[in-house]
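Coordinates as given in upload-v8.txt (compact mmCIF, C-alpha atoms):
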# COMPACT_ATOMS: atom_id res chain seq x y z
CA MET M 251 70.71 87.48 109.74
CA LEU M 252 73.18 86.56 107.01
CA SER M 253 73.29 82.91 105.95
CA ARG M 254 75.66 82.97 102.92
CA VAL M 255 78.63 85.33 102.73
CA LEU M 256 81.15 85.84 99.95
CA LEU M 257 84.50 86.84 101.42
CA THR M 258 87.61 88.16 99.71
CA GLY M 259 90.97 88.12 101.45
CA GLY M 260 90.10 85.18 103.70
CA SER M 261 93.73 84.04 103.78
CA GLY M 262 94.86 87.18 105.61
CA PHE M 263 95.17 87.97 109.29
CA VAL M 264 91.73 89.56 109.73
CA GLY M 265 90.13 87.35 107.05
CA ARG M 266 90.98 84.09 108.79
CA ARG M 267 89.60 85.32 112.09
CA LEU M 268 86.46 86.65 110.42
CA ALA M 269 85.87 83.36 108.60
CA GLN M 270 86.20 81.46 111.89
CA MET M 271 83.67 83.74 113.54
CA LEU M 272 81.18 83.45 110.69
CA ARG M 273 81.49 79.66 110.50
CA ARG M 274 80.98 79.31 114.27
CA SER M 275 77.72 81.22 113.94
CA GLY M 276 76.51 78.87 111.18
CA VAL M 277 77.14 81.11 108.17
CA ASP M 278 78.14 79.49 104.87
CA VAL M 279 81.36 81.19 103.75
CA THR M 280 82.86 81.20 100.28
CA ASN M 281 86.32 82.75 100.07
CA ILE M 282 87.71 84.00 96.78
CA GLY M 283 91.33 85.05 96.50
CA ARG M 284 94.85 84.21 95.43
CA ARG M 285 95.35 81.98 98.47
CA PRO M 286 92.95 79.68 100.34
CA CYS M 287 91.40 80.48 103.68
CA PRO M 288 92.56 77.71 106.06
CA VAL M 289 89.36 77.68 108.15
CA ASP M 290 87.39 74.40 108.18
CA GLY M 291 84.18 74.48 106.18
CA VAL M 292 85.10 77.45 103.97
CA ASP M 293 84.50 76.96 100.24
CA ASN M 294 87.68 78.29 98.60
CA ARG M 295 87.71 79.61 95.04
CA ILE M 296 91.30 80.36 94.01
CA VAL M 297 92.11 82.92 91.34
CA ALA M 298 95.46 83.81 89.75
CA ALA M 299 94.77 87.53 89.98
CA LEU M 300 92.31 89.81 91.75
CA SER M 301 90.43 90.81 88.61
CA ILE M 302 86.67 90.97 88.42
CA GLU M 303 86.72 88.67 85.38
CA SER M 304 88.64 85.90 87.13
CA MET M 305 86.55 86.28 90.27
CA THR M 306 83.28 86.07 88.33
CA GLU M 307 84.47 82.94 86.55
CA ALA M 308 85.61 81.30 89.80
CA ILE M 309 82.27 81.94 91.53
CA GLY M 310 80.34 80.41 88.65
CA LYS M 311 76.79 80.89 87.53
CA ASN M 312 73.68 80.66 89.71
CA ASN M 313 75.56 81.28 92.97
CA LYS M 314 73.73 83.66 95.27
CA PHE M 315 74.84 85.30 98.54
CA ASP M 316 73.28 87.45 101.24
CA GLY M 317 76.31 89.65 101.71
CA LEU M 318 79.83 90.33 100.50
CA ILE M 319 82.73 91.32 102.76
CA HIS M 320 85.72 92.58 100.78
CA LEU M 321 89.03 92.43 102.67
CA ALA M 322 91.48 91.80 99.84
CA ALA M 323 93.86 94.70 99.31
CA SER M 324 97.27 95.58 97.95
CA GLY M 325 100.07 97.13 100.00
CA VAL M 326 99.09 95.98 103.48
CA ASN M 327 102.75 95.07 103.87
CA PRO M 328 104.61 98.40 103.52
CA GLY M 329 107.45 96.59 101.77
CA SER M 330 105.21 95.48 98.92
CA ARG M 331 103.63 98.53 97.33
CA ASP M 332 103.78 98.40 93.57
CA PRO M 333 102.02 101.58 92.36
CA LEU M 334 100.06 99.92 89.54
CA ASP M 335 98.91 97.10 91.82
CA LEU M 336 97.79 99.61 94.47
CA ILE M 337 95.73 101.50 91.89
CA GLU M 338 94.20 98.39 90.33
CA VAL M 339 93.37 96.45 93.49
CA ASN M 340 92.60 99.19 96.03
CA ALA M 341 90.95 101.81 93.83
CA ALA M 342 89.65 100.22 90.61
CA LEU M 343 88.48 96.87 92.00
CA ALA M 344 86.30 98.23 94.82
CA PRO M 345 83.42 99.61 92.70
CA LYS M 346 83.51 96.50 90.51
CA ILE M 347 83.10 94.39 93.66
CA VAL M 348 79.91 96.32 94.43
CA MET M 349 78.53 95.62 90.96
CA LEU M 350 79.47 91.94 91.30
CA ALA M 351 77.65 91.79 94.64
CA ALA M 352 74.49 93.11 93.00
CA ASP M 353 74.69 90.40 90.33
CA LEU M 354 75.05 87.78 93.09
CA GLY M 355 71.92 88.94 94.92
CA CYS M 356 73.70 90.43 97.93
CA ARG M 357 71.70 92.66 100.25
CA ALA M 358 74.80 94.44 101.57
CA VAL M 359 78.48 95.02 100.84
CA VAL M 360 81.13 95.76 103.48
CA ILE M 361 84.58 96.85 102.40
CA ALA M 362 87.51 96.93 104.80
CA GLY M 363 88.99 100.40 104.69
CA SER M 364 91.96 101.78 106.58
CA SER M 365 92.92 104.59 108.89
CA ALA M 366 95.53 105.36 106.22
CA GLU M 367 92.70 106.86 104.18
CA TYR M 368 92.83 109.94 106.39
CA HIS M 369 95.22 112.78 105.69
CA ALA M 370 97.81 113.38 108.40
CA PRO M 371 95.91 114.73 111.42
CA GLN M 372 97.09 118.06 112.76
CA THR M 373 95.81 117.62 116.32
CA ASP M 374 95.53 114.94 118.99
CA VAL M 375 91.75 114.73 118.56
CA PRO M 376 90.33 111.38 117.36
CA LEU M 377 89.50 111.30 113.65
CA VAL M 378 85.89 111.47 112.49
CA GLU M 379 84.71 110.03 109.20
CA ASP M 380 84.40 113.34 107.37
CA ALA M 381 87.99 114.37 108.17
CA PRO M 382 90.16 115.21 105.12
CA LEU M 383 91.28 112.17 103.11
CA GLU M 384 94.79 111.28 102.00
CA MET M 385 95.84 112.71 98.63
CA GLN M 386 99.64 112.30 98.71
CA LYS M 387 100.60 108.84 99.99
CA LEU M 388 99.63 106.27 97.38
CA TYR M 389 98.45 103.46 99.69
CA GLY M 390 96.09 105.67 101.67
CA ALA M 391 94.99 107.59 98.60
CA THR M 392 94.10 104.43 96.64
CA LYS M 393 92.19 103.02 99.61
CA ALA M 394 90.30 106.30 99.94
CA ALA M 395 89.58 106.40 96.20
CA GLY M 396 88.25 102.84 96.31
CA SER M 397 85.99 103.71 99.24
CA ILE M 398 84.54 106.74 97.46
CA LEU M 399 83.94 104.80 94.24
CA ALA M 400 82.38 101.86 96.08
CA LEU M 401 79.96 104.10 97.98
CA ALA M 402 79.01 105.97 94.81
CA SER M 403 78.49 102.70 92.93
CA GLY M 404 76.25 101.36 95.66
CA ALA M 405 74.21 104.56 95.66
CA ALA M 406 73.81 104.36 91.87
CA ILE M 407 72.25 100.88 92.02
CA SER M 408 70.55 101.20 95.43
CA LEU M 409 72.74 98.56 97.10
CA PRO M 410 73.77 99.30 100.72
CA VAL M 411 77.54 99.68 101.06
CA ALA M 412 79.66 100.41 104.13
CA ILE M 413 83.36 101.09 104.50
CA GLY M 414 84.77 99.86 107.80
CA ARG M 415 87.95 101.87 108.31
CA LEU M 416 90.19 99.62 110.38
CA PHE M 417 92.72 101.19 112.70
CA ASN M 418 95.67 99.26 114.24
CA VAL M 419 94.36 95.71 114.42
CA PHE M 420 96.35 93.26 116.56
CA GLY M 421 95.81 89.74 117.83
CA PRO M 422 96.41 86.03 117.17
CA GLY M 423 97.43 85.26 113.61
CA GLU M 424 99.55 88.34 112.91
CA ALA M 425 102.64 87.91 110.77
CA PRO M 426 105.76 87.19 112.87
CA HIS M 427 107.44 90.49 111.92
CA ARG M 428 104.61 92.63 113.31
CA LEU M 429 104.91 94.43 116.64
CA LEU M 430 103.20 92.11 119.11
CA PRO M 431 104.49 88.71 117.89
CA SER M 432 108.03 90.05 117.43
CA LEU M 433 107.95 91.51 120.94
CA ALA M 434 106.64 88.24 122.38
CA THR M 435 109.23 86.09 120.60
CA ASN M 436 112.20 88.20 121.66
CA LEU M 437 111.10 88.99 125.20
CA ARG M 438 110.31 85.35 125.99
CA ALA M 439 113.80 84.46 124.76
CA GLY M 440 115.35 87.18 126.91
CA GLN M 441 116.51 88.99 123.81
CA PRO M 442 116.67 92.79 123.59
CA VAL M 443 114.20 94.48 121.24
CA ARG M 444 115.35 97.53 119.31
CA LEU M 445 112.51 100.02 118.92
CA SER M 446 111.96 103.62 117.98
CA ALA M 447 111.22 106.07 120.78
CA GLY M 448 107.65 104.77 120.64
CA THR M 449 105.99 108.12 121.11
CA GLN M 450 103.58 107.47 118.22
CA VAL M 451 100.03 107.17 119.54
CA ARG M 452 97.83 104.58 117.85
CA ASP M 453 94.33 103.15 118.19
CA PHE M 454 95.05 99.46 118.84
CA ILE M 455 91.94 97.33 118.25
CA TYR M 456 91.78 93.62 119.07
CA VAL M 457 91.12 91.47 116.00
CA ASP M 458 87.94 89.88 117.38
CA ASP M 459 86.46 93.33 117.95
CA ALA M 460 87.36 94.31 114.39
CA CYS M 461 85.60 91.18 113.12
CA THR M 462 82.45 91.72 115.18
CA GLY M 463 82.39 95.27 113.80
CA LEU M 464 82.54 94.04 110.20
CA ILE M 465 79.76 91.55 110.89
CA ALA M 466 77.65 94.17 112.64
CA LEU M 467 78.02 96.43 109.61
CA ALA M 468 76.96 93.67 107.22
CA GLU M 469 73.95 92.60 109.26
CA ALA M 470 72.67 96.10 110.01
CA LEU M 471 73.06 97.14 106.37
CA SER M 472 71.29 94.04 105.06
CA GLU M 473 68.38 94.66 107.44
CA HIS M 474 68.22 98.37 106.51
CA ARG M 475 68.93 99.42 110.11
CA MET M 476 71.71 101.83 109.17
CA PRO M 477 72.66 103.97 106.18
CA SER M 478 75.48 103.38 103.74
CA GLY M 479 78.67 105.27 104.48
CA ALA M 480 82.14 105.15 105.97
CA TYR M 481 82.54 104.09 109.60
CA ASN M 482 85.57 103.94 111.88
CA LEU M 483 86.32 100.52 113.34
CA ALA M 484 88.29 101.87 116.26
CA THR M 485 88.31 101.96 120.05
CA GLY M 486 88.54 105.74 120.40
CA THR M 487 91.44 105.35 122.86
CA GLY M 488 95.04 106.04 122.00
CA HIS M 489 98.12 104.28 123.38
CA SER M 490 101.71 105.00 122.49
CA VAL M 491 103.81 102.29 120.88
CA ALA M 492 106.06 102.47 123.94
CA GLN M 493 103.08 101.87 126.22
CA PHE M 494 101.98 98.94 124.04
CA ALA M 495 105.49 97.41 124.25
CA ARG M 496 105.66 97.87 128.04
CA THR M 497 102.24 96.23 128.41
CA VAL M 498 103.46 93.20 126.44
CA ALA M 499 106.60 93.00 128.59
CA SER M 500 104.53 93.20 131.79
CA ALA M 501 102.12 90.50 130.58
CA ILE M 502 105.06 88.18 129.86
CA ASP M 503 106.77 89.19 133.12
CA ALA M 504 109.83 90.13 131.09
CA ASP M 505 112.53 92.60 132.09
CA GLU M 506 111.38 95.97 130.74
CA SER M 507 115.02 96.98 130.20
CA LEU M 508 115.02 94.61 127.19
CA LEU M 509 112.92 97.24 125.41
CA GLN M 510 115.53 99.43 123.77
CA LEU M 511 113.30 102.42 123.10
CA GLY M 512 115.03 104.98 120.93
CA ALA M 513 117.50 102.49 119.45
CA LEU M 514 115.90 102.90 116.03
CA PRO M 515 115.11 106.17 114.27
CA MET M 516 111.52 107.21 113.77
CA ARG M 517 110.33 106.74 110.18
CA ALA M 518 110.08 110.02 108.31
CA ASP M 519 106.41 109.38 107.49
CA ASP M 520 105.44 108.05 110.94
CA LEU M 521 102.50 110.13 112.13
CA PRO M 522 102.48 111.21 115.81
CA TYR M 523 98.79 110.53 116.48
CA VAL M 524 96.27 108.28 114.68
CA VAL M 525 93.17 107.50 116.75
CA GLY M 526 89.62 107.01 115.47
CA ASN M 527 86.33 108.25 116.85
CA PRO M 528 83.93 105.25 116.76
CA ASP M 529 80.76 107.16 117.71
CA ARG M 530 79.17 107.08 114.24
CA LEU M 531 79.19 103.28 114.11
CA LYS M 532 77.97 102.94 117.69
CA GLN M 533 75.06 105.28 117.00
CA ALA M 534 74.24 103.50 113.73
CA CYS M 535 74.14 99.91 114.93
CA GLY M 536 75.24 99.75 118.57
CA TRP M 537 78.71 98.29 117.99
CA SER M 538 81.65 99.26 120.16
CA ALA M 539 84.96 97.59 120.93
CA ALA M 540 84.63 95.26 123.91
CA THR M 541 88.26 94.32 124.60
CA THR M 542 90.72 96.46 126.54
CA LEU M 543 94.32 96.71 125.40
CA ILE M 544 95.66 94.58 128.25
CA ASP M 545 92.98 91.91 127.78
CA GLY M 546 93.64 91.77 124.04
CA ILE M 547 97.38 91.43 124.60
CA ARG M 548 96.90 88.70 127.20
CA ARG M 549 94.51 86.74 124.97
CA THR M 550 96.95 87.01 122.08
CA LEU M 551 99.90 85.87 124.17
CA ASP M 552 97.91 82.93 125.56
CA GLU M 553 96.93 81.82 122.06
CA LEU M 554 100.46 82.26 120.73
CA GLU M 555 101.78 80.08 123.56
CA ARG M 556 99.16 77.38 122.93
CA THR M 557 99.94 77.18 119.22
CA SER M 558 103.73 77.50 119.38
Have the structure of the file written as structure tokens, please.
Amino acid sequence: MLSRVLLTGGSGFVGRRLAQMLRRSGVDVTNIGRRPCPVDGVDNRIVAALSIESMTEAIGKNNKFDGLIHLAASGVNPGSRDPLDLIEVNAALAPKIVMLAADLGCRAVVIAGSSAEYHAPQTDVPLVEDAPLEMQKLYGATKAAGSILALASGAAISLPVAIGRLFNVFGPGEAPHRLLPSLATNLRAGQPVRLSAGTQVRDFIYVDDACTGLIALAEALSEHRMPSGAYNLATGTGHSVAQFARTVASAIDADESLLQLGALPMRADDLPYVVGNPDRLKQACGWSAATTLIDGIRRTLDELERTS
């Protein structure tokens, strides 16, 4: 079991939830990033920039950790994708994080990857980890490059490293502009919601399942129960965006006619089908997503209502 974890990106949607989960299980968590993690009991080390030099200085000497979970990334918001920042943070920083982890005594490193690392699938078959990687779109390509370099760096120094490729994570704590919270806000107010046709099929994974997957990776790696490598953190089940929106409307008991499907054009780069095959991770350490789409939506809506 892990007792001390160094976390990057603890201020983000997944990072906050992961920090909560770790703290509840008695793990000491130190978060390092440009913004603090708001979870009680987390030791925050704030840096002006995500450089290995500033991170090393902020951690200080003689600090040791069991594991490192690296969530910090550039370009998660599609509207903020500076090319140089994508290259520096997503690609160049990842292998340096692995080397830093070795210096800190970590037994395992887990890096949050993305389904965007895969090249556009040509079929409606769930993606496996050795599918072709993205080489054209800069966000996906830099994430894929960082994953490759991190795995190679870990192999070079015999430090276990895993890439957890996250698919479409949803749940409490999402930014207000994202699909579920924007649907909930408008539908509860009786406001129409303009959407694309919603035919895109996605692998929607509840945030708590994503977090248990990251923890399972870290623990199994640190105990040498699974090999280094890339693993899909996915459900293996696809749902269309339209189906997701209708499920939210039904859970709120809102008039489905408020969903104006087709009112917006499809984005030119919007892929028709992105679903992950989670079998490799299940076989490696026994993890699988435990929350159905409807249960995840209901839990999210309940939590949103309690905190609004």
For this session: Using all atoms listed in the file, determine which residues lie at most 12 Å from Arg444 of chain M, disregarding the query and same-chain residues fewer than 4 positions distant; provide the list as a PyMOL selection string.
Result: chain M and resi 429+432-433+436-437+448+492+495+507-516
For this session: Measuring atom to atom with only C-alpha atoms, identify which of M:Glu555, M:Asp290, M:Glu307, M:Asp353 is nearest to Pro431 of chain M.
Result: M:Glu555
For this session: Please determine the residues with any atom at most 8 Å from (89.6, 88.5, 99.1) (coordinates as given in the file, with only C-alpha atoms counting) and report them as a count of residues only.
Result: 14
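Each of M:Leu399, M:Val375, M:Cys356, M:Ala381 was checked against Ala342 of chain M using all atoms listed in the file; the smallest atom-to-atom distance is that of M:Leu399.
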Problem set entry | Atomic separation - atom CA of Leu464 of chain M relative to atom CA of Gly479 of chain M, Å | 13.2 Å
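Here atom CA of Ala470 of chain M is placed at a distance of 15.2 Å from atom CA of Arg254 of chain M.
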Problem set entry | For Val525 of chain M, the nearest of the candidates M:His474, M:Arg266, M:Arg415, M:Lys393, counting all atoms listed in the file | M:Arg415
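Distances here use all atoms listed in the file; by that measure, the residue among M:Ala466, M:Ala370, M:Ile296, M:Val419 closest to Ser538 of chain M is M:Ala466.
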Problem set entry | Contacts of Thr306 of chain M within 12 Å, only C-alpha atoms, excl. fewer than 2 positions in-chain, as a PyMOL selection string | chain M and resi 256+282-283+295-297+299-304+308-313+346-347+349-351+353-354
For this session: In the coordinates of the file, take the point (92.8, 88.6, 116.7) and a cut-off of 10 Å; then, counting only C-alpha atoms, name each qualifying protein, DNA or RNA residue as an MDAnalysis selection string.
Result: chainID M and resid 263:264 266:268 419:424 455:461 546:547 549:550 553
Restricting it to C-alpha atoms, dump the selection as a PDB file, in the coordinates of the input.
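Okay, out-v7.pdb is ready:
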ATOM      1  CA  PHE M 263      95.170  87.970 109.290  1.00  0.00           C
ATOM      2  CA  VAL M 264      91.730  89.560 109.730  1.00  0.00           C
ATOM      3  CA  ARG M 266      90.980  84.090 108.790  1.00  0.00           C
ATOM      4  CA  ARG M 267      89.600  85.320 112.090  1.00  0.00           C
ATOM      5  CA  LEU M 268      86.460  86.650 110.420  1.00  0.00           C
ATOM      6  CA  VAL M 419      94.360  95.710 114.420  1.00  0.00           C
ATOM      7  CA  PHE M 420      96.350  93.260 116.560  1.00  0.00           C
ATOM      8  CA  GLY M 421      95.810  89.740 117.830  1.00  0.00           C
ATOM      9  CA  PRO M 422      96.410  86.030 117.170  1.00  0.00           C
ATOM     10  CA  GLY M 423      97.430  85.260 113.610  1.00  0.00           C
ATOM     11  CA  GLU M 424      99.550  88.340 112.910  1.00  0.00           C
ATOM     12  CA  ILE M 455      91.940  97.330 118.250  1.00  0.00           C
ATOM     13  CA  TYR M 456      91.780  93.620 119.070  1.00  0.00           C
ATOM     14  CA  VAL M 457      91.120  91.470 116.000  1.00  0.00           C
ATOM     15  CA  ASP M 458      87.940  89.880 117.380  1.00  0.00           C
ATOM     16  CA  ASP M 459      86.460  93.330 117.950  1.00  0.00           C
ATOM     17  CA  ALA M 460      87.360  94.310 114.390  1.00  0.00           C
ATOM     18  CA  CYS M 461      85.600  91.180 113.120  1.00  0.00           C
ATOM     19  CA  GLY M 546      93.640  91.770 124.040  1.00  0.00           C
ATOM     20  CA  ILE M 547      97.380  91.430 124.600  1.00  0.00           C
ATOM     21  CA  ARG M 549      94.510  86.740 124.970  1.00  0.00           C
ATOM     22  CA  THR M 550      96.950  87.010 122.080  1.00  0.00           C
ATOM     23  CA  GLU M 553      96.930  81.820 122.060  1.00  0.00           C
TER      24      GLU M 553
END
